[in-house]
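Take a look at the structure set out below.
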Amino acid sequence: MLKQFLQFAIRGNAIDLAVGVIIGTAFGKIVSSLVDDLVMPVIGVLLGGINLKDFSLPFGASVIQYGSFLQTVLEFLIITYSIFFFVQLFYKLRKLDNDKPFGQTKTNTELLLEEIRDLLKEKKDDE
């Protein structure tokens, strides 16, 4: 069982997944800071200094804090849009990198086909 675990852990997929989780966690902190430290203060100023977390409704002996819920929903929407924006930006940059006319790299299929072509030429020349 230990041998199987080590094979699983050393496989590229597990390591790629671990790297993805670490990067995702760091990115999540960046986006949370963006929302908490930059976007929400601007929204607060635009709303006249209103802090949504302060909105509440007394309900018997309890208090329903619907403002905190609204704040969380708004933060979720901003975080989701931010992630969407960065993913779209990443794909555009990746596409630009692939569309470069100079220094084009050949795919494995193209390289194999060229190798087969060259071998066939050599075989034809030997005959």
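Chain lettering (A, B, ...) mirrors the order of the structure tokens, residue numbering begins at 1 for each chain separately, and ligand numbering begins at 1 in order of display.
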
Quiz item: When DSSP works through the backbone of this structure, what residues of chain A end up as alpha helix (DSSP H), shown as a PyMOL selection string?
Solution: chain A and resi 2-10+12-33+40-46+66-98+108-126

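Those residues that approach Gln71 of chain A to within 8 Å, counting only C-alpha atoms, are Leu52, Lys53, Gly67, Ser68, Leu74 and Glu75 of chain A; same-chain residues fewer than 3 positions away are not listed.
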
Practice problem: Could you give me, as a list of chain:residue names, the residues within 8 Å of segment 76-85 of chain A, counting only C-alpha atoms and dropping anything in the same chain fewer than 3 positions from it? | Solution: A:Val31, A:Ser32, A:Val35, A:Thr72, A:Val73, A:Gln88, A:Leu89

Exercise. Just the strand (DSSP E) stuff from segment 1-122 of chain A, please, per backbone DSSP, written as number ranges by chain.
Key: A: 57-59, 62-64

Quiz item: Distance atom CA of Leu113 of chain A-atom CA of Glu127 of chain A, one decimal place?
Solution: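 Straight-line distance from atom CA of Leu113 of chain A to atom CA of Glu127 of chain A works out to 21.3 Å.
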